[in-house]
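Below is one structure, written out as structure tokens; the observations come after it.
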Amino acid sequence: MAPAAPPAAEMANLSVSTAPKGTAKRDALCAAEVEVQAMWEREKAFESNPCYDDDGSKKEKFIVTFPYPYSNGHLHLGHAFSLTKAVFRAQFERNRGKNSLFPFAFHCTGMPIQAAANKLKSEIEQYGVPPKFPEEDPEVRAQMEAELAAAAKAKAEKDAVKAGGKAKGGKTKLIQKTGTGIVRQWNILKRMVPEEEIPKFADPIYWLMHFPPIGVDHMKRFGSGVDWRRAFITTSVNGYYDAFIRWQFNVLKQKGKVLFGKRNNVYSLVDGQVCADHDRSEGEGVGPQEYVLIKLKVLAPDHGQERHGKMEKMLKRVEDEGKKGVYLVPATLRPETMYGQTNCFVLPTGEYGAYYIDATDEVFIMSARSARGLSCQAYDAANDVYFTKEFGKIECLETFTGDELLGLPLKAPNATYEKVYTLPLLTISMGKGTGVVTSVPSDAPDDYVALQALKDKPDFAAKYDITPDMVEPFEVVPIISIEGYGDASAVYMCEKLKITSFNDKSKLAQAKDETYLKGFTIGVMTYGPHAGKKVSEAKQLIRDEMIAAGQAHLYFEPESKVVSRTNDECVVASTDQWYLAYGEDSWCSAVKKHVLDGETFNAFHESTLEKYDQSLNWLKEWACTRQFGLGTNLPWDKEWVIESLSDSTIYMSYYTIAHYLQGENNLNGDESLSPENIKVADLTDDVFNFIYRKGFSLPSNSAIPSETLEKMRAEFRYWYPMDLRVSGKDLIPNHLTMALYNHAAIWEDEPELWPRGYYTNGFVMVDAEKMSKSKGNFLTLLETINLYSADATRFACADAGDSLDDANFERATANAAIVSLSNESAWIKENLIDADKATMRSGDDLNFMDKVFQNETNRLVKATEESFEGMMYKEGLNKGWFEMMIARNEYRAWCQDSGIAMHEGVVRHWVESLAIIICPICPHWSETLWKDLGKEGLAVRAPWPTVDEEDKLLSRQAKFLRDALKNFRNSAGKAKKGWKEATILVADDYPQWKVDALLWMQSQYDVASGSFPATFMKDLKTWSATNVTDKKQVKFVMQFVSFMKKEVEDCGETGMDTKCPFDQLGILSESIAYIKSQLNLEDANIVQMEGCDLAVPDKVAQNVTPGKPTLWMR
């Protein structure tokens, strides 16, 4: 039974006490940690090898892994927070007696290191060593600031014009905490390494030699509990890992999982290759979005407007050169709605170009941004024909402002009107689509509102030289019928929501979402050759027909903005590409079956499981190679390098043999340091197949001894499957899902080897703010350890939170942990370790509070174990530390106030239990205490405390005393001045109406399931209505039964006893000295209400019930 909530003040003192002004306590913790870590090193505390019982069966194991961090800098608090979830669990399982393994490695594959090295090299070539950057000159800096400020102001004014409002002052972020707003790679490195060493980082390989070993040191200082024999770095620099990845891809290719062809992927023109998630500084998780370019042919201008002069020249030039026409090309997601076109929109202030399309011999009017993207895409992929002759380059014949395009007559394909016009729309974003928007007011609320505004506001139309004949004749064309919305859903929604202006942005967004969703799911075509078909069926047919007729083309762009680490805004490009066939039906189905089965996979949260389901539905063909960058070359096509998300999917299995190949202090795989003298060249596919896959025989011609190969095979089989992988939630849609796919492919016929569980957490904030250098709350791992100690940092990480929501690392909590850990060490040392045994009681004779304290310790040991098992470390910390402190404080106060010495055996039970249950979170503190207690072995290897089951009746008795004291304190606080006589009134019997209610509860309780029926409260109303004669009493019956139901849920069926199941008088009598001291009473007596001859006022007497004594002051 859980104790009553502790007094608020006491809990506050436990959790947020301030740190000492000096640093002596922190420094003492840090010094002890260094000593403990040296001892762990000597004892090889975290080196885990296969263990077998006497009968040959393997000892229960537990392997937990964590995504290897990218090695382009120091580990920071964000790494540490997620990391602790794995570290805590590995140690918890070790203390539970399992053979626990936590390996670690460092990721170096991909573009980030290469890009940073290239940038540094360019800076050195341009500005020297040390570089003299232009912004360091005050005059140049002032000029740069002025230019940036002017650019910011101009952008603000331009954005305001687009939005139809007034410009706000533009602000520049030139001056940053770093001293300049221009990000220089030299300055970034200057914060991490000695300046004289920086030039070496122009070589990307140097990064691999420098940062991973530092990562190891920082992890050791954190007490991470890693088996460092198994550590490594990725890329071809490490020949062993390189061979492993080559084997993996050969297997994938043999199984038909790696294919080749043209695919549309997010692409960086600056880098000259596909830009995957890990290659991006912005836009992680963003994929290609398919649009349909609709070709609206520009007709000869027919209103004699001067602004059309450029277009008239363009049309003549196109005609003279024999080209096939000029087209405005809006990008749409809804080609099926083109029958309803009434006009075309452009942004009056937008900048457009006339671009020559080689593949069709036509000219497209579109934004420069979209033209850049189109130049990278295939017009006819099957025949390797692109829109332009040269990939990534497109010829601009002329430029136009949006105003110069307004009022142009157009021929719109599939439209019912022979001719439509270009009209202004002020809400167009030039950063999405082509900057041109075709208008279908029947089914697009934005289009309807914009067209109506031009019709209803002649002054607005005249401002842009739009004449009445360009808008008035064009009425809404019904093309799709939606049940409940009619045949013009946009009109219906605008009238329903009372939308009258395109400034009603939130309402327009609601209307758009609803009409688009309903149109696709239940809409039926009412116009055109596909009338009568559902929109969902007709959409693809109409798209294909328009493309076949030359009226439209496919066009792709990223779903939202993507920026590479080389600061290039990415496009979507159709490129020859090796890709992994994620999403293939049988492959996807196998993974889904595994993940969605609670017997084979644990996602810990239902919401997380939904995210995996969504990711499996979303993740499709994935470009798995690049043409440069660090990594492993594709074994059968060495022009390609395997990208960073694709060489990190089954490396968890490499941990199981890495210590045979590389060993400790050999991150980069130096062959001369191989523990088994294994050469990289000897790691053939046959060797890896034998080690990792079922049904492959021992290679007959291998230079590696067969005994060694057998050991590696056995070790893999011992540790796999991976029991748990811990990660941030951002890796669910890519790495974590890909790892599931790859395990399912490599071990296709052994699903028992696929991952057993993934735990994901949110990001971490510092003091409720996003971690940021500009806010001064960005903390590296080592900085945090030096500020607070490793254990206090781990303590604050545990307290930060466990859900998918963002957690909060509070520096006040870390400071408070320093105090709390230090004070508890001192108290234990003073009262148990160094204390004279004669000052404490011993023996088997335990008083009431001895038993309570022992029982509470047992309860909290079990509760902490349950919390840790569920990866609920904040809750586990609350049980295993804060509530343990409260239990000890209560016991100590009771003994002191009662004038009774504490019991040595009971206190020791609490101390030894505390040392181990807090060990997963604060192992250095536990190890130091374990040693001080004179215990054998290491705390990190000590077994989880074996404790008796909680005595729920005893817990109820403890709660009785705790609640009684709380109520007494309230009564004493209300006593009038001069009242000194105090009597504690106790009752053993309930009044009859309560007895009746308890007997009814007993009749409803199912002993087997330990629960009441689901209809309990409803049944109570029925019972009360027929069995409680005084209708005024019904309310009190309902309240009483509701309260007692909670009691039963806590302590079992004894909560329904019609008499108090324990000796209240005995408990209060034994605790009377404690009660008097706590209430500051000179004297108090205890009286049984039954047979009491005192004249107790009715108002007081009616409050006295079994289990609820009352303090009567007078």
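Chains: A, B, ... in order of the structure tokens. Residues: from 1 per chain. Ligands: from 1, in order shown.
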Shell of 12 Å around Arg941 of chain A, only C-alpha atoms, local chain residues under 5 positions omitted, as a tab-separated table (two decimals) with N, CA and C atoms, in the first residue's frame:
```tsv
chain	number	residue	atom	x	y	z
A	40	TRP	N	37.01	0.25	-11.46
A	40	TRP	CA	36.26	-0.47	-12.49
A	40	TRP	C	37.18	-0.91	-13.62
A	43	GLU	N	39.23	-3.84	-12.46
A	43	GLU	CA	38.41	-5.05	-12.28
A	43	GLU	C	37.69	-5.48	-13.56
A	44	LYS	N	37.85	-4.67	-14.64
A	44	LYS	CA	37.15	-4.96	-15.90
A	44	LYS	C	35.66	-5.17	-15.64
A	45	ALA	N	35.11	-4.22	-14.89
A	45	ALA	CA	33.75	-4.36	-14.35
A	45	ALA	C	32.68	-4.53	-15.42
A	46	PHE	N	32.91	-3.93	-16.60
A	46	PHE	CA	31.84	-3.92	-17.60
A	46	PHE	C	32.17	-4.76	-18.84
A	47	GLU	N	33.22	-5.55	-18.75
A	47	GLU	CA	33.53	-6.46	-19.84
A	47	GLU	C	32.65	-7.70	-19.68
A	48	SER	N	31.86	-7.94	-20.68
A	48	SER	CA	30.89	-9.05	-20.61
A	48	SER	C	31.21	-10.09	-21.66
A	90	ALA	N	21.09	-1.00	-18.61
A	90	ALA	CA	22.17	-2.00	-18.61
A	90	ALA	C	22.61	-2.31	-17.18
A	91	GLN	N	22.75	-1.28	-16.36
A	91	GLN	CA	23.18	-1.50	-14.98
A	91	GLN	C	22.09	-2.17	-14.15
A	92	PHE	N	20.85	-1.78	-14.39
A	92	PHE	CA	19.72	-2.40	-13.69
A	92	PHE	C	19.70	-3.91	-13.95
A	93	GLU	N	19.87	-4.30	-15.22
A	93	GLU	CA	19.85	-5.72	-15.55
A	93	GLU	C	21.08	-6.43	-14.98
A	94	ARG	N	22.20	-5.72	-14.90
A	94	ARG	CA	23.41	-6.31	-14.29
A	94	ARG	C	23.14	-6.60	-12.81
A	95	ASN	N	22.52	-5.65	-12.13
A	95	ASN	CA	22.19	-5.86	-10.71
A	95	ASN	C	21.12	-6.92	-10.52
A	96	ARG	N	20.33	-7.16	-11.53
A	96	ARG	CA	19.31	-8.21	-11.43
A	96	ARG	C	19.90	-9.59	-11.70
A	97	GLY	N	21.20	-9.64	-11.96
A	97	GLY	CA	21.86	-10.92	-12.12
A	97	GLY	C	22.01	-11.37	-13.55
A	98	LYS	N	21.61	-10.56	-14.50
A	98	LYS	CA	21.76	-10.95	-15.89
A	98	LYS	C	23.16	-10.62	-16.38
A	99	ASN	N	23.58	-11.31	-17.41
A	99	ASN	CA	24.85	-11.02	-18.06
A	99	ASN	C	24.60	-9.85	-18.99
A	100	SER	N	24.90	-8.64	-18.51
A	100	SER	CA	24.48	-7.42	-19.20
A	100	SER	C	25.61	-6.84	-20.03
A	225	GLY	N	29.54	2.58	-18.19
A	225	GLY	CA	29.42	1.12	-18.09
A	225	GLY	C	29.54	0.41	-19.41
A	915	ALA	N	21.82	1.34	-1.56
A	915	ALA	CA	23.07	1.33	-2.34
A	915	ALA	C	22.88	0.65	-3.68
A	916	ILE	N	22.07	-0.39	-3.72
A	916	ILE	CA	21.90	-1.13	-4.97
A	916	ILE	C	20.77	-0.58	-5.83
A	919	CYS	N	21.93	2.32	-7.68
A	919	CYS	CA	23.16	2.07	-8.44
A	919	CYS	C	22.99	2.30	-9.95
A	920	PRO	N	21.86	1.93	-10.57
A	920	PRO	CA	21.73	2.23	-12.00
A	920	PRO	C	21.84	3.71	-12.32
A	923	PRO	N	25.96	5.17	-9.87
A	923	PRO	CA	26.80	4.00	-9.55
A	923	PRO	C	28.07	4.34	-8.77
A	926	SER	N	27.09	4.65	-5.17
A	926	SER	CA	26.80	3.32	-4.65
A	926	SER	C	28.08	2.52	-4.42
A	927	GLU	N	28.99	2.62	-5.37
A	927	GLU	CA	30.24	1.85	-5.27
A	927	GLU	C	31.06	2.31	-4.07
A	930	TRP	N	29.30	1.04	-0.97
A	930	TRP	CA	29.46	-0.42	-0.88
A	930	TRP	C	30.81	-0.78	-0.27
A	935	LYS	N	31.48	-4.36	2.08
A	935	LYS	CA	30.88	-5.44	1.30
A	935	LYS	C	31.89	-6.00	0.31
A	936	GLU	N	31.77	-7.27	0.02
A	936	GLU	CA	32.66	-7.90	-0.93
A	936	GLU	C	32.23	-7.59	-2.36
```
Just list the residues in segment 769-1011 of chain A DSSP gives helix (DSSP H, G or I) on the backbone, as an MDAnalysis selection string. chainID A and resid 781:788 790:800 811:833 837:839 848:869 873:898 904:917 923:932 939:941 952:974 992:1004
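Every protein, DNA or RNA residue with an atom at most 12 Å from Gly843 of chain A, where only C-alpha atoms count and chain neighbours fewer than 4 positions away do not, is listed here: Asn847, Asp850, Met902, His903, Glu904, Gly905 and Val906 of chain A.
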For the selection just defined, write its residues with N, CA, C and O atoms to a file, as a PDB file, in the first residue's frame.
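Once everything was written out, this is again06.pdb:
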```
ATOM      1  N   ASN A 847      10.288  -3.194  17.282  1.00  0.00           N
ATOM      2  CA  ASN A 847       9.081  -2.461  17.664  1.00  0.00           C
ATOM      3  C   ASN A 847       8.250  -2.135  16.422  1.00  0.00           C
ATOM      4  O   ASN A 847       8.623  -2.470  15.286  1.00  0.00           O
ATOM      5  N   ASP A 850      10.134  -0.076  13.731  1.00  0.00           N
ATOM      6  CA  ASP A 850      11.160  -0.896  13.085  1.00  0.00           C
ATOM      7  C   ASP A 850      10.539  -1.689  11.938  1.00  0.00           C
ATOM      8  O   ASP A 850      11.068  -1.760  10.831  1.00  0.00           O
ATOM      9  N   MET A 902      17.732   3.762  17.210  1.00  0.00           N
ATOM     10  CA  MET A 902      17.409   3.071  15.964  1.00  0.00           C
ATOM     11  C   MET A 902      17.969   1.650  16.006  1.00  0.00           C
ATOM     12  O   MET A 902      18.938   1.381  16.702  1.00  0.00           O
ATOM     13  N   HIS A 903      17.361   0.779  15.219  1.00  0.00           N
ATOM     14  CA  HIS A 903      17.778  -0.624  15.184  1.00  0.00           C
ATOM     15  C   HIS A 903      18.830  -0.795  14.090  1.00  0.00           C
ATOM     16  O   HIS A 903      18.581  -0.498  12.916  1.00  0.00           O
ATOM     17  N   GLU A 904      20.001  -1.293  14.483  1.00  0.00           N
ATOM     18  CA  GLU A 904      21.122  -1.408  13.558  1.00  0.00           C
ATOM     19  C   GLU A 904      20.783  -2.287  12.359  1.00  0.00           C
ATOM     20  O   GLU A 904      21.085  -1.937  11.213  1.00  0.00           O
ATOM     21  N   GLY A 905      20.133  -3.399  12.562  1.00  0.00           N
ATOM     22  CA  GLY A 905      19.800  -4.309  11.468  1.00  0.00           C
ATOM     23  C   GLY A 905      18.819  -3.698  10.487  1.00  0.00           C
ATOM     24  O   GLY A 905      18.937  -3.882   9.270  1.00  0.00           O
ATOM     25  N   VAL A 906      17.863  -2.944  11.008  1.00  0.00           N
ATOM     26  CA  VAL A 906      16.849  -2.318  10.157  1.00  0.00           C
ATOM     27  C   VAL A 906      17.481  -1.202   9.320  1.00  0.00           C
ATOM     28  O   VAL A 906      17.214  -1.067   8.116  1.00  0.00           O
TER      29      VAL A 906
END
```
Calculate how many Å separate atom CA of Glu545 of chain A from atom CA of Gly373 of chain A, rounding to one decimal. 23.9 Å
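Considering only C-alpha atoms, the residue among A:Asp53, A:Asp279, A:Glu35, A:Glu135 positioned nearest to Arg565 of chain A is A:Asp279.
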Run DSSP on the backbone and grab whatever in segment 52-189 of chain A lands in strand (DSSP E or B); send it over as a ChimeraX atom specification. /A:52,58,61-65,70,76,99-101,106-107,110
Given the selection you just returned, output its residues as a file containing C-alpha atoms, formatted as a PDB file, in the first residue's frame.
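Saved file selection00.pdb follows:
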```
ATOM      1  CA  TYR A  52      26.930 -20.716 -19.354  1.00  0.00           C
ATOM      2  CA  LYS A  58      23.415 -19.995 -21.438  1.00  0.00           C
ATOM      3  CA  LYS A  61      21.774 -12.160 -20.967  1.00  0.00           C
ATOM      4  CA  PHE A  62      20.711  -8.611 -21.746  1.00  0.00           C
ATOM      5  CA  ILE A  63      22.191  -6.486 -24.537  1.00  0.00           C
ATOM      6  CA  VAL A  64      21.171  -2.857 -24.919  1.00  0.00           C
ATOM      7  CA  THR A  65      22.492  -0.517 -27.616  1.00  0.00           C
ATOM      8  CA  TYR A  70      28.354  11.404 -35.031  1.00  0.00           C
ATOM      9  CA  HIS A  76      26.720  17.128 -25.227  1.00  0.00           C
ATOM     10  CA  ASN A  99      24.852 -11.020 -18.058  1.00  0.00           C
ATOM     11  CA  SER A 100      24.480  -7.425 -19.197  1.00  0.00           C
ATOM     12  CA  LEU A 101      26.274  -5.887 -22.171  1.00  0.00           C
ATOM     13  CA  PHE A 106      31.282   6.260 -33.138  1.00  0.00           C
ATOM     14  CA  HIS A 107      29.751   7.140 -36.506  1.00  0.00           C
ATOM     15  CA  GLY A 110      28.644  10.655 -44.672  1.00  0.00           C
TER      16      GLY A 110
END
```
Quick one: everything within 9 Å of Arg693 of chain A, counting only C-alpha atoms, minus sequence neighbours fewer than 4 positions away in the same chain. Send it as a tab-separated table (two decimals) with N, CA, C and O atoms, in the first residue's frame.
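Result file follows (around09.tsv):
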```
chain	number	residue	atom	x	y	z
A	688	PHE	N	31.88	-14.18	-42.86
A	688	PHE	CA	30.75	-13.50	-42.22
A	688	PHE	C	29.47	-14.35	-42.31
A	688	PHE	O	28.67	-14.37	-41.36
A	689	ASN	N	29.28	-15.01	-43.42
A	689	ASN	CA	28.10	-15.87	-43.54
A	689	ASN	C	28.12	-16.96	-42.48
A	689	ASN	O	27.09	-17.29	-41.87
A	713	ARG	N	31.09	-17.15	-33.90
A	713	ARG	CA	29.73	-17.57	-34.23
A	713	ARG	C	28.92	-17.80	-32.95
A	713	ARG	O	27.79	-17.35	-32.83
A	746	ILE	N	18.47	-9.63	-43.54
A	746	ILE	CA	19.67	-10.45	-43.33
A	746	ILE	C	19.31	-11.77	-42.64
A	746	ILE	O	19.82	-12.83	-42.99
A	747	TRP	N	18.43	-11.70	-41.64
A	747	TRP	CA	18.02	-12.91	-40.91
A	747	TRP	C	16.56	-13.24	-41.23
A	747	TRP	O	15.74	-13.43	-40.35
A	750	GLU	N	15.14	-16.24	-39.66
A	750	GLU	CA	15.31	-16.34	-38.21
A	750	GLU	C	14.73	-15.10	-37.51
A	750	GLU	O	15.47	-14.29	-36.94
```
Between A:Ser913, A:Asn1085, A:Thr737, A:Thr438, single out the one closest to Gly340 of chain A, counting only C-alpha atoms. A:Thr438
What lies within 12 Å of Leu83 of chain A using only C-alpha atoms, ignoring chain neighbours under 5 positions off, as an NGL selection string? :A and (64-69 or 75-78 or 88-90 or 102-104 or 219 or 222-226 or 725-728 or 759-761 or 763-764 or 781 or 794 or 797-798 or 921)
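The gap separating atom CA of Gly285 of chain A from atom CA of Gly272 of chain A is 19.9 Å, in Å to one decimal.
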Set the distance at 7 Å and use only C-alpha atoms: which residues neighbour segment 483-492 of chain A once local chain neighbours fewer than 2 positions away are removed? I'd like the list as a PyMOL selection string. chain A and resi 441-445+448+478-481+494-496+515
Residues as selected, N, CA, C and O atoms, written as a short mmCIF file (atom, residue, chain, number, x, y, z; two decimals), in the first residue's frame, can you do that?
```cif
data_model
loop_
_atom_site.label_atom_id
_atom_site.label_comp_id
_atom_site.auth_asym_id
_atom_site.auth_seq_id
_atom_site.Cartn_x
_atom_site.Cartn_y
_atom_site.Cartn_z
N PRO A 441 -12.24 27.51 -58.42
CA PRO A 441 -13.02 28.02 -57.28
C PRO A 441 -14.14 27.11 -56.80
O PRO A 441 -14.64 27.29 -55.69
N SER A 442 -14.50 26.11 -57.60
CA SER A 442 -15.56 25.19 -57.14
C SER A 442 -15.08 24.31 -56.00
O SER A 442 -15.87 23.95 -55.12
N ASP A 443 -13.78 23.99 -55.99
CA ASP A 443 -13.26 23.02 -55.03
C ASP A 443 -12.05 23.50 -54.25
O ASP A 443 -11.49 22.74 -53.46
N ALA A 444 -11.64 24.74 -54.45
CA ALA A 444 -10.51 25.30 -53.71
C ALA A 444 -10.96 26.60 -53.05
O ALA A 444 -11.14 27.61 -53.73
N PRO A 445 -11.16 26.58 -51.72
CA PRO A 445 -11.66 27.77 -51.02
C PRO A 445 -10.82 29.03 -51.26
O PRO A 445 -11.36 30.12 -51.44
N TYR A 448 -11.72 30.47 -54.65
CA TYR A 448 -13.06 31.07 -54.66
C TYR A 448 -13.04 32.45 -54.01
O TYR A 448 -13.58 33.42 -54.56
N PRO A 478 -19.23 23.59 -61.51
CA PRO A 478 -19.34 22.39 -60.66
C PRO A 478 -18.74 21.18 -61.38
O PRO A 478 -19.11 20.90 -62.52
N ILE A 479 -17.84 20.48 -60.70
CA ILE A 479 -17.19 19.32 -61.34
C ILE A 479 -17.18 18.08 -60.46
O ILE A 479 -17.02 16.96 -60.94
N ILE A 480 -17.34 18.28 -59.13
CA ILE A 480 -17.29 17.15 -58.19
C ILE A 480 -18.45 17.29 -57.21
O ILE A 480 -18.65 18.35 -56.62
N SER A 481 -19.15 16.20 -57.01
CA SER A 481 -20.25 16.19 -56.04
C SER A 481 -19.79 15.47 -54.77
O SER A 481 -19.23 14.38 -54.84
N CYS A 494 -17.05 28.09 -47.66
CA CYS A 494 -16.83 29.52 -47.43
C CYS A 494 -18.08 30.19 -46.88
O CYS A 494 -18.00 31.06 -46.00
N GLU A 495 -19.24 29.76 -47.36
CA GLU A 495 -20.49 30.32 -46.83
C GLU A 495 -20.76 29.80 -45.43
O GLU A 495 -21.18 30.54 -44.53
N LYS A 496 -20.47 28.52 -45.19
CA LYS A 496 -20.69 27.92 -43.87
C LYS A 496 -19.82 28.59 -42.81
O LYS A 496 -20.29 28.88 -41.69
N THR A 515 -12.45 20.25 -47.50
CA THR A 515 -12.90 20.01 -48.88
C THR A 515 -11.98 19.04 -49.61
O THR A 515 -12.44 18.19 -50.37
#
```
Closest of A:Tyr291, A:Trp910, A:Trp587, A:Phe778 to Lys255 of chain A - atom-to-atom distances counting only C-alpha atoms: A:Trp587
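Residues in contact with segment 629-638 of chain A at 6 Å, where only C-alpha atoms are counted and same-chain residues fewer than 3 positions away are skipped, are listed as Thr109, Gly110, Met111, Gln114, Thr235, Ser236, Asp242, Arg246, Val641 and Ile642 of chain A.
Each of A:Tyr651, A:Trp894, A:Phe882, A:Tyr240 was compared to Asn742 of chain A using only C-alpha atoms, and A:Tyr651 turns out to be the nearest.
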